[in-house]
Amino acid sequence: MIVHRLPICGMWIGVALALGTAAYAADPADAVSQVIAVPRYNQWTLVDPEQRPILKKVVELPAAQRDQLLRSSDARLRGIGIFIAEQQGDLAALLSLKDMLSDNASTVPYAVPVAQVGEYVVRPQTVADYLTTVYQEWFGVDVDKSQERFNSLLAPLSGQPQNFVQPWIVRLRRAASDEKAVAEIKKSIAALPEDVRWAVVTLGYSDSLYSKDEARALLGGLSRPVQERLRSGEELLPNEPLLQSTSFRAALMRVYGELAVAD
Amino acid sequence: MRRTLGLALAMVLLASAAAAHADGRDVLEELGPCMAGAGLPADPECLAAFDVDGDGDVDLHDFAALQAGVDPVGGCCFDNYSCEILTEAACLAAGGGGEWLGAGSECGQCTLVRIRAITFGGTGSTTIKHDCAYPPCSSYGTQQWLDANHDGDVLDAGDHDYPVAYVRNSHVTLSGVQFWVSPSGTASGVQVRGYGPDGLTFTGTGNLSGSTLNVSGTLVSEGTLPNTVKYYPSFDIVWEVAFDGVNFVDGGTSSTRLYVTRSTPLGDCLESYFHISTQAADGLADEQPVIDAIWAEFADREVYNVDGERLGYYRGVLCASYCTYYSAPELVYYTTSQCGGWADLLRQCFRTQGLSSSVFVTAEPLSSALPVDCGTYPASAAGFLVKNYSFNGWGTSCTAYPFSFNDPCGYYAAWPSPTCTDATGLPGQDNPNPASWFARHFIVKINMAYYDPSYGAGPFTGTQEEANMQWELGAMAGYFGRAQPSPSRAGVRKDIAQTRETYFDQ
């Protein structure tokens with residue numbers, strides 16, 4: 001087991017340096033451990049975008065350079081490639097990485113979630129584990145390092161990732177401090193097919209990404225037949241794996257009911 | 001008088017004869033009432049039945065003659081593992097290596113059969129892994145039942161009893177079923193059957209070679225496991241074997257820990273995850289009741305690993321840095337961890353039941369709701385204090401963080417007389433006063449509800465911000481930052497009720 005601790009300031013400096021290297025230097029290898037060694041489970045979102053220029057640079061990395069990393073024979077470089085694709089929210093790129101779900105041998109470093117002040121603990125994580133976490137974040141489903149599960153859960157929908165519910169929630173959450181970006185994302189959501197739109201708005205309200213007034217207005221803007229079907233309790237849901245959970249569907253319908261009743 | 005004496009003598013003789021020849025008891029007892037004695041008239045039916053010497057009466061001569069003709073019976077075991085109840089003479093005369101086991105013996109005594117090995121598998125099964133701190137952990141492996149010395153238990157060196165898991169409503173499939181047989185021999189087409197719990201039965205045939213009876217192929221249960229989560233501390237299968245295809249003899253009993261899960265398990269599949277979640281949700285099938293039942297196991301703050309060891313939250317330490325266990329595997333192995341380990345354990349219990357939509361949530365101070373501190377480079381709160389704390393007058397000159405505070409790790413320089421001090425509570429898992437000075441905290445979200453397994457608190461519902469507020473009201477005592485630049489000392493501000501000063505990341 002590899003465990004070491006990094007002072008938080010040093011880590012951020014390291015990450016910043018690493019990103020610069022990863023994005024623009026000929027050999028990004030020096031940056032790999034620091035770039036991956038950030039808190040997992042979405043802890044990036046706890047840092048204000050204005051205070052994490054590293055993320056802005058990641059998003060700007062050209063796809064060709066990113067894909068070069070993804071094709072590398074070096075696991076650490078593949079890890080950083082996944083990280084960049086994840087930060088860029090490139091769903092098609094992420095979905096194309098399913099072969100890496102079988103890579104239980106290569107490891108990349110990640111920061112264990114720890115409670116104490118001023119410390120991070122870094123440990124190895126398999127590429128398969130890392131990619132599983134990324135898919136859970138973006139698509140809300142647990143592929144459990146299994147290509148078979150990926151094929152049953154995500155592959156059928158790979159052709160239309162824009163119609164997944166969860167990615168819109170992730171985009172809104174990550175853009176939370178950027179009003180302009182949030183407005184653009186919400187504009188895109190308003191143009192989604194109605195069966196996706198109502199679910200995104202309802203889930204977004206539950207996640208405090210829409211105010212109650214916003215949510216009611218958007219749900220009120222659905223066509224009358226769709227509203228009637230939803231009010232009658234019909235689960236008008238996109239055919240995506242997150243919504244195959246009966247208890248999740250029930251929770252979503254309950255929130256919709258609360259908003260609709262209050263309307 | 002003569003007749004009376006004769007009858008009394010006959011009864012004494014009959015009693016001794018019955019004791020000596022238990023199998024002839026019935027015949028001789030029937031003879032007793034017929035004994036009228038020499039020269040006395042006899043019942044025609046008695047004469048027909050018992051006048052062995054043909055002298056026109058039924059007397060002691062007839063008794064002796066009859067007694068000599070009643071041979072006891074017992075089990076007669078043949079080389080082909082068949083058996084009949086015969087007299088000794090008939091057994092020897094029957095050929096086939098017949099061995100007579102003695103008067104009153106049964107066929108079941110001919111051979112000794114013991115279940116020796118079983119491998120569980122088939123569709124719906126999952127391989128369980130040993131608890132270990134740092135996955136990948138080793139699998140328990142096959143031959144989940146192995147009685148190597150065939151003494152009827154799996155307690156000896158070389159024996160083992162491994163746990164097995166199936167998804168609900170699955171058939172149980174067995175392979176490598178093997179018996180130990182004595183005496184050794186050779187036989188084919190041996191009938192085997194097993195009776196498991198809840199009406200599950202197994203049937204098959206096997207071949208005996210030497211002292212090992214190997215059952216061919218796989219045995220798929222007739223009937224399925226319950227269509228609910230279920231924990232069998234001992235999934236007993238009572239085995240029987242018939243070498244002649246007719247007379248079944250005891251084959252021993254195999255006993256295995258068997259977990260029936262709601263859906264196909266996800267994740268590392270450590271046994272403690274099965275143990276906690278399956279026991280908690282026993283008898284349930286629908287998603288939300290299973291979630292609720294697993295949560296109830298955490299909510300009472302009394303959680304045990306598969307070895308029966310209670311799991312704790314920061315057991316024995318007040319400084320978070322002193323507890324270096326952060327994950328579910330570490331928690332079930334070392335029996336204590338930080339909040340990250342508890343959140344991970346709750347998620348792993350959900351995943352073990354195939355519930356895949358839980359997420360790991362980070363809680364931190366909400367910088368936009370908290371004032372900057374009084375350090376050299378002013379910043380928002382660096383972390384929070386979880387209840388309970390005592391506040392006894394301001395002790396700093398920093399109005400934003402006015403209560404002087406000495407952290408338990410010595411991260412900041414100490415105040416001579418701090419005014420904010422730790423008090424007992426909020427109780428955590430197996431700990432009335434766990435560490436409570438943190439930069440962040442980790443909880444779990446599933447189906448839009450939030451659960452804090454470290455403290456058994458929740459679920460918190462409503463919108464994310466509403467749930468966040470509920471959690472904060474129950475947990476937060478205050479927030480800390482730098483109260484002075486040099487030496488850097490900590491100050492604390494109290495939590496303001498109904499004002500959200502923390503943040504859930506999702």
# chains A, B, ... in the order shown; residues from 1 in each chain; ligands from 1
call {"tool": "residues_around", "arguments": {"residues": "Thr205 in chain B", "least_positions_apart": "2", "cutoff": "6 Å", "atoms": "only C-alpha atoms", "output": "ChimeraX atom specification"}}
result
/B:189-192,215
call {"tool": "write_last_selection", "arguments": {"atoms": "C-alpha atoms", "output": "PDB file, in the first residue's frame"}}
result
ATOM      1  CA  GLY B 189     -25.491 -45.448 -10.458  1.00  0.00           C
ATOM      2  CA  VAL B 190     -25.636 -44.758  -6.754  1.00  0.00           C
ATOM      3  CA  GLN B 191     -28.689 -42.667  -5.955  1.00  0.00           C
ATOM      4  CA  VAL B 192     -28.086 -39.488  -3.990  1.00  0.00           C
ATOM      5  CA  VAL B 215     -21.730 -37.427  -7.716  1.00  0.00           C
TER       6      VAL B 215
END
call {"tool": "closest_atom_pairs", "arguments": {"of": "chain A", "to": "chain B", "cutoff": "7 Å", "atoms": "only C-alpha atoms", "output": "Markdown table"}}
result
| residue | atom | partner | partner_atom | distance |
| --- | --- | --- | --- | --- |
| A:Tyr41 | CA | B:Phe360 | CA | 6.4 |
| A:Thr45 | CA | B:Asp505 | CA | 6.6 |
| A:Leu46 | CA | B:Asp505 | CA | 6.5 |
| A:Pro113 | CA | B:Gly340 | CA | 6.1 |
| A:Val114 | CA | B:Gly340 | CA | 6.5 |
| A:Ala115 | CA | B:Arg440 | CA | 5.0 |
| A:Gln116 | CA | B:Phe438 | CA | 5.1 |
| A:Val117 | CA | B:Ala439 | CA | 4.8 |
| A:Gly140 | CA | B:Ser357 | CA | 6.2 |
| A:Val141 | CA | B:Ser357 | CA | 5.9 |
| A:Asp142 | CA | B:Ser356 | CA | 5.3 |
| A:Asp144 | CA | B:Leu266 | CA | 6.1 |
| A:Tyr205 | CA | B:Thr463 | CA | 6.9 |
| A:Ser206 | CA | B:Thr463 | CA | 4.4 |
| A:Asp207 | CA | B:Gln464 | CA | 4.8 |
| A:Ser208 | CA | B:Gln464 | CA | 5.5 |
| A:Thr246 | CA | B:Glu287 | CA | 6.9 |
| A:Ser247 | CA | B:Gln288 | CA | 5.6 |
| A:Phe248 | CA | B:Asn447 | CA | 4.9 |
| A:Ala251 | CA | B:Asn447 | CA | 5.9 |
call {"tool": "residues_around", "arguments": {"residues": "Leu222 in chain A", "least_positions_apart": "4", "cutoff": "10 Å", "atoms": "only C-alpha atoms", "output": "mmCIF file with C-alpha atoms, in the first residue's frame"}}
result
data_model
loop_
_atom_site.group_PDB
_atom_site.id
_atom_site.type_symbol
_atom_site.label_atom_id
_atom_site.label_comp_id
_atom_site.auth_asym_id
_atom_site.auth_seq_id
_atom_site.Cartn_x
_atom_site.Cartn_y
_atom_site.Cartn_z
ATOM 1 C CA ALA A 190 -35.522 23.890 -21.925
ATOM 2 C CA PRO A 193 -37.601 16.524 -25.507
ATOM 3 C CA GLU A 194 -40.376 16.770 -22.959
ATOM 4 C CA ASP A 195 -39.851 13.291 -21.505
ATOM 5 C CA ARG A 197 -36.973 17.829 -19.754
ATOM 6 C CA TRP A 198 -39.471 17.211 -16.977
ATOM 7 C CA ALA A 217 -42.679 27.490 -14.569
ATOM 8 C CA LEU A 218 -40.779 24.945 -16.636
ATOM 9 C CA VAL A 226 -47.618 15.406 -21.089
ATOM 10 C CA GLN A 227 -48.713 17.248 -17.951
ATOM 11 C CA GLU A 228 -51.894 15.210 -17.787
#
call {"tool": "select_by_dssp", "arguments": {"residues": "range 98-127 of chain A", "states": "helix (DSSP H, G or I)", "output": "list in words"}}
result
Lys98, Asp99, Met100, Leu101, Ser102 and Val127 of chain A
call {"tool": "write_last_selection", "arguments": {"atoms": "N, CA and C atoms", "output": "compact mmCIF listing (two decimals), in the first residue's frame"}}
result
# COMPACT_ATOMS: atom_id res chain seq x y z
N LYS A 98 -14.95 2.22 -22.66
CA LYS A 98 -15.43 1.07 -21.90
C LYS A 98 -14.40 -0.06 -21.82
N ASP A 99 -13.52 -0.17 -22.83
CA ASP A 99 -12.52 -1.25 -22.78
C ASP A 99 -11.63 -1.13 -21.54
N MET A 100 -11.47 0.08 -21.06
CA MET A 100 -10.62 0.27 -19.88
C MET A 100 -11.27 -0.28 -18.61
N LEU A 101 -12.54 -0.62 -18.67
CA LEU A 101 -13.20 -1.17 -17.48
C LEU A 101 -12.61 -2.52 -17.08
N SER A 102 -11.90 -3.13 -17.99
CA SER A 102 -11.29 -4.42 -17.64
C SER A 102 -9.86 -4.27 -17.15
N VAL A 127 -7.41 1.62 -12.84
CA VAL A 127 -8.06 2.38 -13.92
C VAL A 127 -9.53 1.99 -14.01
